[in-house]
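One file, upload-v9.pdb, is given below (PDB, C-alpha atoms, pLDDT in the B column).
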ATOM      1  CA  MET A 207     -24.488  13.981 -11.919  1.00 74.00           C
ATOM      2  CA  ALA A 208     -20.880  13.596 -10.901  1.00 86.00           C
ATOM      3  CA  ARG A 209     -19.308  10.884  -8.848  1.00 92.00           C
ATOM      4  CA  VAL A 210     -16.558  11.253  -6.304  1.00 94.00           C
ATOM      5  CA  VAL A 211     -14.906   8.063  -5.049  1.00 95.00           C
ATOM      6  CA  VAL A 212     -13.403   7.852  -1.567  1.00 96.00           C
ATOM      7  CA  ASP A 213     -11.068   4.910  -0.960  1.00 97.00           C
ATOM      8  CA  VAL A 214     -10.532   4.138   2.714  1.00 97.00           C
ATOM      9  CA  MET A 215      -7.721   1.717   3.559  1.00 97.00           C
ATOM     10  CA  LEU A 216      -6.153   0.682   6.847  1.00 97.00           C
ATOM     11  CA  LYS A 217      -2.800   2.390   7.403  1.00 97.00           C
ATOM     12  CA  PRO A 218       0.088   0.142   6.290  1.00 95.00           C
ATOM     13  CA  GLU A 219       1.231  -0.420   9.876  1.00 96.00           C
ATOM     14  CA  ILE A 220      -2.211  -1.653  11.005  1.00 97.00           C
ATOM     15  CA  LEU A 221      -2.801  -5.403  10.785  1.00 96.00           C
ATOM     16  CA  ASP A 222      -5.549  -6.442   8.367  1.00 97.00           C
ATOM     17  CA  PRO A 223      -6.817  -9.870   9.469  1.00 97.00           C
ATOM     18  CA  GLN A 224      -9.559  -9.884   6.812  1.00 95.00           C
ATOM     19  CA  GLY A 225      -7.021  -9.413   4.031  1.00 96.00           C
ATOM     20  CA  GLN A 226      -4.689 -11.913   5.695  1.00 96.00           C
ATOM     21  CA  ALA A 227      -7.482 -14.497   5.692  1.00 95.00           C
ATOM     22  CA  VAL A 228      -7.923 -14.039   1.944  1.00 95.00           C
ATOM     23  CA  ALA A 229      -4.156 -14.229   1.380  1.00 95.00           C
ATOM     24  CA  ASN A 230      -3.993 -17.457   3.396  1.00 95.00           C
ATOM     25  CA  ALA A 231      -6.788 -18.997   1.315  1.00 94.00           C
ATOM     26  CA  LEU A 232      -5.065 -18.334  -2.024  1.00 94.00           C
ATOM     27  CA  PRO A 233      -2.685 -21.345  -2.068  1.00 94.00           C
ATOM     28  CA  ARG A 234      -5.761 -23.576  -1.931  1.00 92.00           C
ATOM     29  CA  LEU A 235      -6.841 -21.949  -5.220  1.00 89.00           C
ATOM     30  CA  GLY A 236      -3.396 -22.659  -6.649  1.00 90.00           C
ATOM     31  CA  VAL A 237      -2.309 -19.017  -6.441  1.00 91.00           C
ATOM     32  CA  THR A 238       1.192 -18.682  -5.053  1.00 91.00           C
ATOM     33  CA  ASP A 239       2.473 -15.397  -6.478  1.00 91.00           C
ATOM     34  CA  VAL A 240       0.439 -13.032  -4.283  1.00 93.00           C
ATOM     35  CA  SER A 241       2.486 -11.398  -1.554  1.00 93.00           C
ATOM     36  CA  SER A 242      -0.241  -9.466   0.251  1.00 94.00           C
ATOM     37  CA  VAL A 243      -3.959  -8.670   0.260  1.00 96.00           C
ATOM     38  CA  ARG A 244      -5.429  -5.595   1.967  1.00 97.00           C
ATOM     39  CA  ILE A 245      -9.155  -4.972   2.197  1.00 97.00           C
ATOM     40  CA  GLY A 246     -10.668  -1.525   2.598  1.00 97.00           C
ATOM     41  CA  ARG A 247     -13.779   0.383   1.660  1.00 97.00           C
ATOM     42  CA  ARG A 248     -14.789   2.152  -1.528  1.00 97.00           C
ATOM     43  CA  ILE A 249     -17.441   4.822  -1.158  1.00 97.00           C
ATOM     44  CA  GLU A 250     -19.152   6.345  -4.200  1.00 96.00           C
ATOM     45  CA  ILE A 251     -20.685   9.757  -3.560  1.00 94.00           C
ATOM     46  CA  GLU A 252     -22.996  11.084  -6.271  1.00 93.00           C
ATOM     47  CA  PHE A 253     -23.303  14.842  -6.348  1.00 91.00           C
ATOM     48  CA  ALA A 254     -26.393  16.426  -7.862  1.00 90.00           C
ATOM     49  CA  GLY A 255     -24.279  19.099  -9.569  1.00 87.00           C
ATOM     50  CA  GLU A 256     -20.551  19.581  -9.876  1.00 86.00           C
ATOM     51  CA  PRO A 257     -18.330  17.176  -7.917  1.00 86.00           C
ATOM     52  CA  ASP A 258     -17.046  18.961  -4.850  1.00 84.00           C
ATOM     53  CA  LEU A 259     -13.740  17.504  -3.654  1.00 90.00           C
ATOM     54  CA  ASP A 260     -13.533  19.751  -0.593  1.00 89.00           C
ATOM     55  CA  ARG A 261     -17.002  18.660   0.445  1.00 87.00           C
ATOM     56  CA  ALA A 262     -16.113  15.027  -0.199  1.00 90.00           C
ATOM     57  CA  ARG A 263     -12.963  15.375   1.901  1.00 93.00           C
ATOM     58  CA  GLU A 264     -15.019  16.792   4.767  1.00 91.00           C
ATOM     59  CA  ILE A 265     -17.502  13.906   4.478  1.00 91.00           C
ATOM     60  CA  ALA A 266     -14.695  11.351   4.404  1.00 94.00           C
ATOM     61  CA  ASP A 267     -12.948  12.911   7.366  1.00 93.00           C
ATOM     62  CA  LYS A 268     -16.046  13.215   9.544  1.00 91.00           C
ATOM     63  CA  LEU A 269     -18.142  10.213   8.535  1.00 92.00           C
ATOM     64  CA  LEU A 270     -16.264   7.638   6.489  1.00 95.00           C
ATOM     65  CA  ALA A 271     -12.754   7.141   7.834  1.00 96.00           C
ATOM     66  CA  ASN A 272     -11.229   6.676  11.252  1.00 96.00           C
ATOM     67  CA  PRO A 273      -8.073   8.814  10.974  1.00 94.00           C
ATOM     68  CA  VAL A 274      -6.379   6.926  13.812  1.00 96.00           C
ATOM     69  CA  ILE A 275      -6.142   3.692  11.844  1.00 97.00           C
ATOM     70  CA  GLU A 276      -7.211   4.564   8.288  1.00 97.00           C
ATOM     71  CA  ASP A 277      -6.009   6.659   5.355  1.00 96.00           C
ATOM     72  CA  PHE A 278      -8.331   7.845   2.637  1.00 97.00           C
ATOM     73  CA  SER A 279      -7.913   9.143  -0.879  1.00 96.00           C
ATOM     74  CA  ILE A 280     -10.419  11.052  -2.967  1.00 95.00           C
ATOM     75  CA  LYS A 281     -10.804  11.186  -6.708  1.00 93.00           C
ATOM     76  CA  VAL A 282     -13.359  12.139  -9.302  1.00 92.00           C
ATOM     77  CA  GLU A 283     -14.458   8.985 -11.057  1.00 84.00           C
ATOM     78  CA  ASP A 284     -13.521   8.460 -14.674  1.00 65.00           C
ATOM     79  CA  ASP A 285     -15.538   5.872 -16.542  1.00 51.00           C
ATOM     80  CA  ALA A 286     -12.475   4.245 -18.086  1.00 41.00           C
ATOM     81  CA  LYS A 287     -11.942   1.039 -16.173  1.00 42.00           C
ATOM     82  CA  ALA A 288      -9.103  -1.299 -17.100  1.00 38.00           C
ATOM     83  CA  GLU A 289     -11.493  -4.198 -16.974  1.00 41.00           C
ATOM     84  CA  VAL A 290     -15.032  -4.817 -15.834  1.00 46.00           C
ATOM     85  CA  ALA A 291     -16.116  -8.287 -14.858  1.00 42.00           C
TER      86      ALA A 291
ATOM     87  CA  MET B  92       5.799  -5.775  -7.026  1.00 74.00           C
ATOM     88  CA  ALA B  93       2.622  -4.936  -8.845  1.00 86.00           C
ATOM     89  CA  ARG B  94      -0.749  -4.116  -7.413  1.00 91.00           C
ATOM     90  CA  VAL B  95      -4.120  -5.116  -8.762  1.00 94.00           C
ATOM     91  CA  VAL B  96      -7.176  -3.414  -7.284  1.00 95.00           C
ATOM     92  CA  VAL B  97     -10.546  -5.152  -7.145  1.00 96.00           C
ATOM     93  CA  ASP B  98     -13.542  -2.905  -6.474  1.00 97.00           C
ATOM     94  CA  VAL B  99     -16.597  -4.782  -5.246  1.00 97.00           C
ATOM     95  CA  MET B 100     -19.881  -2.868  -5.183  1.00 97.00           C
ATOM     96  CA  LEU B 101     -23.452  -3.947  -4.568  1.00 97.00           C
ATOM     97  CA  LYS B 102     -25.425  -4.193  -7.803  1.00 97.00           C
ATOM     98  CA  PRO B 103     -27.408  -0.999  -8.485  1.00 95.00           C
ATOM     99  CA  GLU B 104     -30.731  -2.724  -7.819  1.00 96.00           C
ATOM    100  CA  ILE B 105     -29.625  -3.969  -4.372  1.00 97.00           C
ATOM    101  CA  LEU B 106     -30.434  -1.694  -1.437  1.00 97.00           C
ATOM    102  CA  ASP B 107     -27.396  -0.337   0.417  1.00 97.00           C
ATOM    103  CA  PRO B 108     -28.510   0.563   3.956  1.00 97.00           C
ATOM    104  CA  GLN B 109     -24.960   1.444   5.027  1.00 95.00           C
ATOM    105  CA  GLY B 110     -24.636   4.009   2.245  1.00 96.00           C
ATOM    106  CA  GLN B 111     -28.154   5.226   2.903  1.00 96.00           C
ATOM    107  CA  ALA B 112     -27.240   5.849   6.549  1.00 95.00           C
ATOM    108  CA  VAL B 113     -24.314   8.017   5.450  1.00 95.00           C
ATOM    109  CA  ALA B 114     -26.507   9.875   2.939  1.00 95.00           C
ATOM    110  CA  ASN B 115     -29.093  10.532   5.651  1.00 95.00           C
ATOM    111  CA  ALA B 116     -26.417  11.947   7.969  1.00 94.00           C
ATOM    112  CA  LEU B 117     -25.125  14.471   5.427  1.00 94.00           C
ATOM    113  CA  PRO B 118     -27.728  17.227   5.919  1.00 94.00           C
ATOM    114  CA  ARG B 119     -26.595  17.408   9.560  1.00 92.00           C
ATOM    115  CA  LEU B 120     -23.126  18.311   8.211  1.00 90.00           C
ATOM    116  CA  GLY B 121     -24.708  20.986   6.023  1.00 90.00           C
ATOM    117  CA  VAL B 122     -24.262  18.953   2.828  1.00 91.00           C
ATOM    118  CA  THR B 123     -27.378  19.040   0.664  1.00 91.00           C
ATOM    119  CA  ASP B 124     -26.088  18.428  -2.866  1.00 91.00           C
ATOM    120  CA  VAL B 125     -25.369  14.713  -2.540  1.00 93.00           C
ATOM    121  CA  SER B 126     -27.923  12.510  -4.252  1.00 93.00           C
ATOM    122  CA  SER B 127     -26.638   9.081  -3.279  1.00 94.00           C
ATOM    123  CA  VAL B 128     -23.905   7.257  -1.376  1.00 96.00           C
ATOM    124  CA  ARG B 129     -22.956   3.630  -2.054  1.00 97.00           C
ATOM    125  CA  ILE B 130     -20.429   1.733   0.036  1.00 97.00           C
ATOM    126  CA  GLY B 131     -18.461  -1.233  -1.248  1.00 97.00           C
ATOM    127  CA  ARG B 132     -15.090  -2.883  -0.783  1.00 97.00           C
ATOM    128  CA  ARG B 133     -11.700  -2.134  -2.265  1.00 97.00           C
ATOM    129  CA  ILE B 134      -9.228  -5.001  -2.249  1.00 97.00           C
ATOM    130  CA  GLU B 135      -5.561  -4.431  -3.047  1.00 96.00           C
ATOM    131  CA  ILE B 136      -3.744  -7.564  -4.218  1.00 94.00           C
ATOM    132  CA  GLU B 137       0.060  -7.335  -4.386  1.00 93.00           C
ATOM    133  CA  PHE B 138       1.652  -9.736  -6.817  1.00 91.00           C
ATOM    134  CA  ALA B 139       5.250 -10.768  -6.304  1.00 90.00           C
ATOM    135  CA  GLY B 140       5.936 -10.525 -10.042  1.00 87.00           C
ATOM    136  CA  GLU B 141       3.848  -9.274 -12.934  1.00 86.00           C
ATOM    137  CA  PRO B 142       0.244  -8.341 -12.160  1.00 86.00           C
ATOM    138  CA  ASP B 143      -2.005 -11.107 -13.372  1.00 84.00           C
ATOM    139  CA  LEU B 144      -5.498  -9.865 -14.223  1.00 89.00           C
ATOM    140  CA  ASP B 145      -6.856 -13.314 -15.032  1.00 89.00           C
ATOM    141  CA  ARG B 146      -5.621 -14.601 -11.693  1.00 87.00           C
ATOM    142  CA  ALA B 147      -7.102 -11.561  -9.947  1.00 90.00           C
ATOM    143  CA  ARG B 148     -10.439 -12.109 -11.670  1.00 93.00           C
ATOM    144  CA  GLU B 149     -10.466 -15.714 -10.482  1.00 91.00           C
ATOM    145  CA  ILE B 150      -9.671 -14.608  -6.914  1.00 91.00           C
ATOM    146  CA  ALA B 151     -12.390 -11.949  -7.021  1.00 94.00           C
ATOM    147  CA  ASP B 152     -14.949 -14.357  -8.411  1.00 93.00           C
ATOM    148  CA  LYS B 153     -14.243 -17.173  -5.953  1.00 91.00           C
ATOM    149  CA  LEU B 154     -13.261 -15.344  -2.776  1.00 92.00           C
ATOM    150  CA  LEU B 155     -14.057 -11.647  -2.810  1.00 95.00           C
ATOM    151  CA  ALA B 156     -17.421 -10.998  -4.401  1.00 96.00           C
ATOM    152  CA  ASN B 157     -20.859 -12.543  -4.113  1.00 96.00           C
ATOM    153  CA  PRO B 158     -22.000 -12.560  -7.761  1.00 94.00           C
ATOM    154  CA  VAL B 159     -25.664 -12.760  -6.767  1.00 96.00           C
ATOM    155  CA  ILE B 160     -25.669  -9.290  -5.229  1.00 97.00           C
ATOM    156  CA  GLU B 161     -22.320  -7.734  -6.144  1.00 97.00           C
ATOM    157  CA  ASP B 162     -20.420  -6.579  -9.219  1.00 96.00           C
ATOM    158  CA  PHE B 163     -16.670  -6.257  -9.292  1.00 97.00           C
ATOM    159  CA  SER B 164     -14.168  -4.481 -11.477  1.00 96.00           C
ATOM    160  CA  ILE B 165     -10.445  -5.118 -11.728  1.00 95.00           C
ATOM    161  CA  LYS B 166      -7.674  -2.747 -12.630  1.00 93.00           C
ATOM    162  CA  VAL B 167      -3.931  -2.442 -12.332  1.00 92.00           C
ATOM    163  CA  GLU B 168      -3.179   0.339  -9.909  1.00 84.00           C
ATOM    164  CA  ASP B 169      -1.601   3.508 -11.211  1.00 65.00           C
ATOM    165  CA  ASP B 170       0.044   5.673  -8.597  1.00 52.00           C
ATOM    166  CA  ALA B 171      -1.506   8.888  -9.912  1.00 41.00           C
ATOM    167  CA  LYS B 172      -4.300   9.747  -7.528  1.00 42.00           C
ATOM    168  CA  ALA B 173      -6.374  12.879  -8.054  1.00 38.00           C
ATOM    169  CA  GLU B 174      -5.921  13.736  -4.421  1.00 42.00           C
ATOM    170  CA  VAL B 175      -4.535  12.045  -1.335  1.00 46.00           C
ATOM    171  CA  ALA B 176      -5.685  13.179   2.073  1.00 43.00           C
TER     172      ALA B 176
END

The structure in this file should be written as structure tokens.
Amino acid sequence: MARVVVDVMLKPEILDPQGQAVANALPRLGVTDVSSVRIGRRIEIEFAGEPDLDRAREIADKLLANPVIEDFSIKVEDDAKAEVA
Amino acid sequence: MARVVVDVMLKPEILDPQGQAVANALPRLGVTDVSSVRIGRRIEIEFAGEPDLDRAREIADKLLANPVIEDFSIKVEDDAKAEVA
């Protein structure tokens, strides 16, 4: 079992009202040092055998992202997370 | 400027119909070696100064994730991506 992660984010020039709403709520939590929040999608694709980045890119391009307004990046997951809540 | 990334995913025991829909569409693309697809959110928080993981965890816990059905993980972004489309 191998996991490929596709991160889909709005292009930088596209407005992100969902992220803006979170950013606007932060001062009420006492957080004033955040300059921007952007919200996108994280898709975890589990392959039965070897992770196939070309396959994952095809899936992302055809099914997961809208290339007009979104960028995506693909990586093979490593288990080392900086922090897990 | 420092970026903290919060990944919010449904807990493993929670059904993910959105991911299931993608998984069900894959055979039509000729992809048969994918065993599961899970779709969550990726939130990029830009701090004006130093990245503050404790602050980010508080934001994630109060604003970004629903702890009843979702897990989140927090990491400081490194620019090295395995692949960028």

Using every C-alpha atom paired in order, could you least-squares fit chain B onto chain A and give me the moved chain as a compact mmCIF listing (two decimals) with C-alpha atoms, in the coordinates of the input?
# COMPACT_ATOMS: atom_id res chain seq x y z
CA MET B 92 -24.48 14.00 -11.91
CA ALA B 93 -20.89 13.60 -10.91
CA ARG B 94 -19.31 10.89 -8.85
CA VAL B 95 -16.55 11.25 -6.31
CA VAL B 96 -14.91 8.06 -5.05
CA VAL B 97 -13.39 7.85 -1.58
CA ASP B 98 -11.06 4.91 -0.97
CA VAL B 99 -10.52 4.13 2.70
CA MET B 100 -7.71 1.72 3.56
CA LEU B 101 -6.15 0.69 6.84
CA LYS B 102 -2.80 2.39 7.40
CA PRO B 103 0.11 0.16 6.30
CA GLU B 104 1.24 -0.41 9.88
CA ILE B 105 -2.21 -1.64 10.99
CA LEU B 106 -2.80 -5.39 10.78
CA ASP B 107 -5.55 -6.43 8.36
CA PRO B 108 -6.83 -9.85 9.47
CA GLN B 109 -9.56 -9.88 6.82
CA GLY B 110 -7.02 -9.43 4.03
CA GLN B 111 -4.70 -11.90 5.70
CA ALA B 112 -7.49 -14.50 5.70
CA VAL B 113 -7.92 -14.04 1.95
CA ALA B 114 -4.15 -14.24 1.39
CA ASN B 115 -4.00 -17.46 3.41
CA ALA B 116 -6.79 -19.00 1.32
CA LEU B 117 -5.06 -18.34 -2.01
CA PRO B 118 -2.68 -21.34 -2.06
CA ARG B 119 -5.77 -23.57 -1.91
CA LEU B 120 -6.84 -21.96 -5.21
CA GLY B 121 -3.40 -22.67 -6.64
CA VAL B 122 -2.31 -19.03 -6.43
CA THR B 123 1.21 -18.69 -5.05
CA ASP B 124 2.47 -15.39 -6.48
CA VAL B 125 0.45 -13.05 -4.28
CA SER B 126 2.48 -11.39 -1.55
CA SER B 127 -0.24 -9.47 0.26
CA VAL B 128 -3.95 -8.68 0.27
CA ARG B 129 -5.43 -5.61 1.97
CA ILE B 130 -9.15 -4.97 2.21
CA GLY B 131 -10.66 -1.52 2.60
CA ARG B 132 -13.79 0.39 1.66
CA ARG B 133 -14.78 2.16 -1.53
CA ILE B 134 -17.44 4.82 -1.16
CA GLU B 135 -19.13 6.33 -4.21
CA ILE B 136 -20.68 9.75 -3.56
CA GLU B 137 -23.00 11.08 -6.28
CA PHE B 138 -23.30 14.84 -6.36
CA ALA B 139 -26.38 16.41 -7.87
CA GLY B 140 -24.28 19.11 -9.56
CA GLU B 141 -20.54 19.59 -9.87
CA PRO B 142 -18.34 17.18 -7.91
CA ASP B 143 -17.05 18.94 -4.85
CA LEU B 144 -13.74 17.51 -3.65
CA ASP B 145 -13.54 19.74 -0.58
CA ARG B 146 -17.02 18.66 0.44
CA ALA B 147 -16.11 15.03 -0.20
CA ARG B 148 -12.96 15.37 1.90
CA GLU B 149 -15.02 16.79 4.76
CA ILE B 150 -17.51 13.90 4.48
CA ALA B 151 -14.69 11.34 4.40
CA ASP B 152 -12.94 12.90 7.37
CA LYS B 153 -16.04 13.20 9.56
CA LEU B 154 -18.13 10.20 8.54
CA LEU B 155 -16.26 7.63 6.49
CA ALA B 156 -12.76 7.13 7.81
CA ASN B 157 -11.23 6.67 11.23
CA PRO B 158 -8.08 8.80 10.96
CA VAL B 159 -6.39 6.93 13.81
CA ILE B 160 -6.16 3.69 11.83
CA GLU B 161 -7.21 4.55 8.28
CA ASP B 162 -6.02 6.65 5.35
CA PHE B 163 -8.33 7.84 2.63
CA SER B 164 -7.90 9.14 -0.88
CA ILE B 165 -10.42 11.05 -2.97
CA LYS B 166 -10.81 11.19 -6.70
CA VAL B 167 -13.36 12.13 -9.30
CA GLU B 168 -14.47 8.98 -11.04
CA ASP B 169 -13.52 8.47 -14.66
CA ASP B 170 -15.55 5.89 -16.51
CA ALA B 171 -12.51 4.24 -18.09
CA LYS B 172 -11.94 1.05 -16.17
CA ALA B 173 -9.10 -1.28 -17.12
CA GLU B 174 -11.49 -4.18 -16.98
CA VAL B 175 -15.05 -4.77 -15.85
CA ALA B 176 -16.14 -8.26 -14.91

Compute the set of chain B residues within 6 Å of chain A, using all atoms listed in the file, and express it as a PyMOL selection string. chain B and resi 124-139+163-166+173-176

Quote the spacing between CA of Asn272 in chain A and CA of Glu219 in chain A in Å to one decimal place. 14.4 Å

Work out how far apart CA of Pro158 in chain B and CA of Ile105 in chain B are and give it in Å to one decimal.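 Atom-to-atom, CA of Pro158 in chain B and CA of Ile105 in chain B are spaced 12.0 Å apart.
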
Can you sort out the box for range 225-234 of chain A, edges along x, y and z, all listed atoms in, 8 Å on every side, with centre and edge lengths in Å to one decimal, as JSON?
{"center_x": -5.3, "center_y": -16.5, "center_z": 1.8, "size_x": 21.2, "size_y": 30.2, "size_z": 23.8}

Report the distance between CA of Lys217 in chain A and CA of Ala271 in chain A in Å, rounded to one decimal place.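 CA of Ala271 in chain A lies 11.0 Å from CA of Lys217 in chain A.
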